[in-house]
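A.B. asks: The structure follows.
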Amino acid sequence: MSSPPAPWSAPWTCAGAEPRLGGRSEYNRSVNPYLDLTREFNQGGLRAIVSSGQAVVLLRLSVASKDGDWIVRETREALEHVLGVLARRGARYRFGAPLDVRWMQGSWSAHLEFQGAGLRLRTDFVTRPPRLGPADLALLWQQQGAVDMPCVDPRRLIALKQTGRERDYAVIGELARLLSDPHEQLLASRSPDDLVALARAQRVVAQRLSEQRPLLEHALHGDSQALATALDAERRALMAADVARLGRYRAASVAWAEAWPALQREMDDQPLLAQHALMAARALDLLPFVLAGGAA
């Protein structure tokens, strides 16, 4: 249930929000290595915005995330700069698309990893994340253009977290509580109690939004039990939609997946930029730039 660019959405900044990490041995560090990478990606200009799990960490809703996710500008310069940073770290490709404009414009994702300070650091990149429309994405780049640590704001992060993983919906519920606008809260909240209270306090807004989110009718009537049932059905529908989306990408990459083990062995002893050239050349015949019918 992603939202269009909204006039009530204020610019969001994660500047100064870098938490000290601890509690898990692999992340028992005072500095988050993924944030160090973000600074390198953005040297000389904004190219990468922290997304997904690391954005949740920046918002202090999680202690750590096992990998790093970024939305990257869809330009050759930005992607080559990111590859250069990773090449200096000895990164290697994991299964996915090449970090190349031709595939990124089809909403494919690229996945790489490297060893850093005894840790295996996984990095994931998209230029067109799911459930964020072009205008909303353009507004995100505009809003994050002058901050020290660019990251996805809670409203957009809620859309990105509408995945096929059940655990992400607990995160969405907490993200919804960070929203300052009742309009956004009513569209995003996962809590029956919160929604009933919001509908009581913002009845006119809730009535208007019930056309977009019908379960708000239950909130308006104070029916928490019916609301909980409707929220569960909504979650299952959102999960099924994301599973179907990923299924279209899996179907389009069957030949690529079959060729990957041999290609990976061929790339094993090569530096990243050589890997990238070989991977992109091979993908030309096996991985479509854009799915039939457009990006999913």
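Letters A, B, ... go to the chains of the structure tokens in the order shown; residues in each chain start at 1; ligands are counted from 1 in the same order.
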Can you pull out every residue from range 31-144 of chain A that DSSP, working from the backbone, puts in strand (DSSP E), and format the result as a ChimeraX atom specification?
C.D. replies: /A:48-51,67-72,92-93,110-116,119-126
A.B. asks: Can those selected residues be exported to a file as a PDB file, in the first residue's frame so that it contains N, CA and C atoms?
C.D. replies:
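Contents of the output file selection.pdb:
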ATOM      1  N   ALA A  48      24.033   7.586  -3.148  1.00  0.00           N
ATOM      2  CA  ALA A  48      23.458   6.414  -2.497  1.00  0.00           C
ATOM      3  C   ALA A  48      22.715   6.820  -1.229  1.00  0.00           C
ATOM      4  N   ILE A  49      21.524   6.266  -1.055  1.00  0.00           N
ATOM      5  CA  ILE A  49      20.682   6.523   0.112  1.00  0.00           C
ATOM      6  C   ILE A  49      20.513   5.221   0.880  1.00  0.00           C
ATOM      7  N   VAL A  50      20.793   5.246   2.165  1.00  0.00           N
ATOM      8  CA  VAL A  50      20.650   4.062   3.016  1.00  0.00           C
ATOM      9  C   VAL A  50      19.190   3.622   3.041  1.00  0.00           C
ATOM     10  N   SER A  51      18.969   2.328   2.883  1.00  0.00           N
ATOM     11  CA  SER A  51      17.617   1.800   2.773  1.00  0.00           C
ATOM     12  C   SER A  51      17.459   0.549   3.631  1.00  0.00           C
ATOM     13  N   ASP A  67      23.052  -7.007   6.563  1.00  0.00           N
ATOM     14  CA  ASP A  67      23.632  -6.528   5.315  1.00  0.00           C
ATOM     15  C   ASP A  67      23.319  -5.053   5.134  1.00  0.00           C
ATOM     16  N   GLY A  68      23.828  -4.499   4.047  1.00  0.00           N
ATOM     17  CA  GLY A  68      23.585  -3.104   3.743  1.00  0.00           C
ATOM     18  C   GLY A  68      22.785  -2.972   2.468  1.00  0.00           C
ATOM     19  N   ASP A  69      21.814  -2.078   2.468  1.00  0.00           N
ATOM     20  CA  ASP A  69      20.969  -1.842   1.298  1.00  0.00           C
ATOM     21  C   ASP A  69      21.012  -0.361   0.954  1.00  0.00           C
ATOM     22  N   TRP A  70      21.110  -0.074  -0.328  1.00  0.00           N
ATOM     23  CA  TRP A  70      21.138   1.310  -0.793  1.00  0.00           C
ATOM     24  C   TRP A  70      20.274   1.474  -2.031  1.00  0.00           C
ATOM     25  N   ILE A  71      19.634   2.633  -2.127  1.00  0.00           N
ATOM     26  CA  ILE A  71      19.075   3.100  -3.390  1.00  0.00           C
ATOM     27  C   ILE A  71      20.147   3.971  -4.034  1.00  0.00           C
ATOM     28  N   VAL A  72      20.517   3.664  -5.268  1.00  0.00           N
ATOM     29  CA  VAL A  72      21.612   4.360  -5.943  1.00  0.00           C
ATOM     30  C   VAL A  72      21.038   5.145  -7.125  1.00  0.00           C
ATOM     31  N   ARG A  92      33.262  -9.028  -4.225  1.00  0.00           N
ATOM     32  CA  ARG A  92      32.917 -10.012  -5.238  1.00  0.00           C
ATOM     33  C   ARG A  92      31.412  -9.994  -5.442  1.00  0.00           C
ATOM     34  N   TYR A  93      30.994 -10.318  -6.649  1.00  0.00           N
ATOM     35  CA  TYR A  93      29.573 -10.400  -6.934  1.00  0.00           C
ATOM     36  C   TYR A  93      28.951 -11.642  -6.296  1.00  0.00           C
ATOM     37  N   ALA A 110      21.377  -5.674  -7.521  1.00  0.00           N
ATOM     38  CA  ALA A 110      22.751  -6.184  -7.592  1.00  0.00           C
ATOM     39  C   ALA A 110      23.240  -6.479  -6.190  1.00  0.00           C
ATOM     40  N   HIS A 111      24.018  -7.569  -6.054  1.00  0.00           N
ATOM     41  CA  HIS A 111      24.434  -8.036  -4.729  1.00  0.00           C
ATOM     42  C   HIS A 111      25.928  -8.362  -4.743  1.00  0.00           C
ATOM     43  N   LEU A 112      26.656  -7.761  -3.802  1.00  0.00           N
ATOM     44  CA  LEU A 112      28.092  -8.005  -3.698  1.00  0.00           C
ATOM     45  C   LEU A 112      28.452  -8.212  -2.238  1.00  0.00           C
ATOM     46  N   GLU A 113      29.676  -8.719  -1.995  1.00  0.00           N
ATOM     47  CA  GLU A 113      30.140  -8.896  -0.626  1.00  0.00           C
ATOM     48  C   GLU A 113      31.654  -8.811  -0.576  1.00  0.00           C
ATOM     49  N   PHE A 114      32.165  -8.517   0.619  1.00  0.00           N
ATOM     50  CA  PHE A 114      33.609  -8.491   0.834  1.00  0.00           C
ATOM     51  C   PHE A 114      33.886  -8.708   2.312  1.00  0.00           C
ATOM     52  N   GLN A 115      35.121  -9.019   2.615  1.00  0.00           N
ATOM     53  CA  GLN A 115      35.553  -9.195   4.003  1.00  0.00           C
ATOM     54  C   GLN A 115      36.103  -7.876   4.509  1.00  0.00           C
ATOM     55  N   GLY A 116      35.644  -7.438   5.669  1.00  0.00           N
ATOM     56  CA  GLY A 116      36.128  -6.209   6.270  1.00  0.00           C
ATOM     57  C   GLY A 116      36.226  -6.336   7.765  1.00  0.00           C
ATOM     58  N   LEU A 119      34.720  -9.382   9.199  1.00  0.00           N
ATOM     59  CA  LEU A 119      33.295  -9.579   8.953  1.00  0.00           C
ATOM     60  C   LEU A 119      33.046  -9.783   7.473  1.00  0.00           C
ATOM     61  N   ARG A 120      32.020 -10.566   7.166  1.00  0.00           N
ATOM     62  CA  ARG A 120      31.560 -10.644   5.786  1.00  0.00           C
ATOM     63  C   ARG A 120      30.479  -9.585   5.621  1.00  0.00           C
ATOM     64  N   LEU A 121      30.763  -8.578   4.817  1.00  0.00           N
ATOM     65  CA  LEU A 121      29.845  -7.464   4.625  1.00  0.00           C
ATOM     66  C   LEU A 121      29.122  -7.643   3.296  1.00  0.00           C
ATOM     67  N   ARG A 122      27.812  -7.733   3.367  1.00  0.00           N
ATOM     68  CA  ARG A 122      26.985  -7.925   2.179  1.00  0.00           C
ATOM     69  C   ARG A 122      26.346  -6.600   1.787  1.00  0.00           C
ATOM     70  N   THR A 123      26.354  -6.325   0.495  1.00  0.00           N
ATOM     71  CA  THR A 123      25.848  -5.050   0.002  1.00  0.00           C
ATOM     72  C   THR A 123      24.851  -5.294  -1.116  1.00  0.00           C
ATOM     73  N   ASP A 124      23.712  -4.624  -1.059  1.00  0.00           N
ATOM     74  CA  ASP A 124      22.633  -4.810  -2.027  1.00  0.00           C
ATOM     75  C   ASP A 124      22.221  -3.448  -2.578  1.00  0.00           C
ATOM     76  N   PHE A 125      21.981  -3.385  -3.887  1.00  0.00           N
ATOM     77  CA  PHE A 125      21.725  -2.107  -4.548  1.00  0.00           C
ATOM     78  C   PHE A 125      20.544  -2.193  -5.510  1.00  0.00           C
ATOM     79  N   VAL A 126      19.734  -1.148  -5.510  1.00  0.00           N
ATOM     80  CA  VAL A 126      18.692  -0.955  -6.513  1.00  0.00           C
ATOM     81  C   VAL A 126      18.710   0.520  -6.909  1.00  0.00           C
TER      82      VAL A 126
END
A.B. asks: Taking the chain letters and numbering used in this document, name the residues of range 88-242 of chain A that DSSP puts in alpha helix (DSSP H), as a PyMOL selection string.
C.D. replies: chain A and resi 88+101-104+134-143+154-160+168-176+182-188+192-201+203-209+216-220+224-242
A.B. asks: Return the single residue from A:Ala188, A:Met239, A:Gln202, A:Pro134 that is closest to Leu215 in chain A, with distances computed using only C-alpha atoms.
C.D. replies: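 When distances to Leu215 in chain A are compared using only C-alpha atoms, the smallest one comes from A:Ala188.
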A.B. asks: Can you list, as a ChimeraX atom specification, every protein, DNA or RNA residue that comes within 12 Å of Arg203 in chain A when you count only C-alpha atoms, leaving out same-chain residues fewer than 5 positions away?
C.D. replies: /A:182-183,186,195-198,208-210,216-217,219-222
A.B. asks: Which is closer to Ala240 in chain A than all the others in A:Gly164, A:Pro192, A:Gly173, A:Pro129, using only C-alpha atoms?
C.D. replies: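 Of all the options, A:Gly164 lies closest to Ala240 in chain A.
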A.B. asks: Excluding same-chain residues fewer than 4 positions from Arg47 in chain A, what lies within 8 Å of it counting only C-alpha atoms, as a ChimeraX atom specification?
C.D. replies: /A:41-42,72-73,78
A.B. asks: Output N, CA and C atoms for every residue in that selection, as a PDB file, in the first residue's frame.
C.D. replies:
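That gives us out05.pdb:
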ATOM      1  N   PHE A  41      30.559   6.171  -0.812  1.00  0.00           N
ATOM      2  CA  PHE A  41      29.708   6.210  -2.005  1.00  0.00           C
ATOM      3  C   PHE A  41      29.343   7.651  -2.364  1.00  0.00           C
ATOM      4  N   ASN A  42      29.221   8.494  -1.352  1.00  0.00           N
ATOM      5  CA  ASN A  42      28.716   9.853  -1.566  1.00  0.00           C
ATOM      6  C   ASN A  42      29.801  10.920  -1.567  1.00  0.00           C
ATOM      7  N   VAL A  72      20.517   3.664  -5.268  1.00  0.00           N
ATOM      8  CA  VAL A  72      21.612   4.360  -5.943  1.00  0.00           C
ATOM      9  C   VAL A  72      21.038   5.145  -7.125  1.00  0.00           C
ATOM     10  N   ARG A  73      21.650   6.280  -7.399  1.00  0.00           N
ATOM     11  CA  ARG A  73      21.238   7.052  -8.579  1.00  0.00           C
ATOM     12  C   ARG A  73      21.416   6.199  -9.836  1.00  0.00           C
ATOM     13  N   ALA A  78      27.328   7.233 -11.131  1.00  0.00           N
ATOM     14  CA  ALA A  78      27.062   6.789  -9.763  1.00  0.00           C
ATOM     15  C   ALA A  78      27.372   5.305  -9.594  1.00  0.00           C
TER      16      ALA A  78
END
A.B. asks: Could you jot down the CA of Leu61 in chain A to CA of Glu174 in chain A separation for me, Å, one decimal place?
C.D. replies: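 Atom-to-atom, CA of Leu61 in chain A and CA of Glu174 in chain A are spaced 7.5 Å apart.
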A.B. asks: Pick the closest to Ala87 in chain A from A:Pro271, A:Pro33, A:Gly145, A:Pro288: which is it, counting only C-alpha atoms?
C.D. replies: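 Closest to Ala87 in chain A, using only C-alpha atoms: A:Pro271.
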A.B. asks: Report as number ranges by chain all protein, DNA and RNA residues lying within 12 Å of Thr229 in chain A, evaluated on only C-alpha atoms, omitting residues in the same chain fewer than 4 positions from it.
C.D. replies: A: 190-192, 215, 218-219, 223-225, 233-236
A.B. asks: Check the smallest atom-to-atom distance from each of A:Ala292, A:Leu286, A:Leu179, A:Val101 to Val254 in chain A using only C-alpha atoms, then report the winner.
C.D. replies: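 Of A:Ala292, A:Leu286, A:Leu179, A:Val101, the one nearest Val254 in chain A, counting only C-alpha atoms, is A:Leu286.
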A.B. asks: Check the smallest atom-to-atom distance from each of A:Leu79, A:Pro150, A:Ala117, A:Leu99 to Gln54 in chain A using only C-alpha atoms, then report the winner.
C.D. replies: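 Closest to Gln54 in chain A of all the choices is A:Pro150.
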A.B. asks: Separation of CA of Leu287 in chain A and CA of Trp256 in chain A, in Å?
C.D. replies: 6.0 Å
A.B. asks: CA of Ala262 in chain A and CA of Val82 in chain A are how many Å apart?
C.D. replies: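 Taking CA of Ala262 in chain A and CA of Val82 in chain A, their separation equals 25.6 Å.
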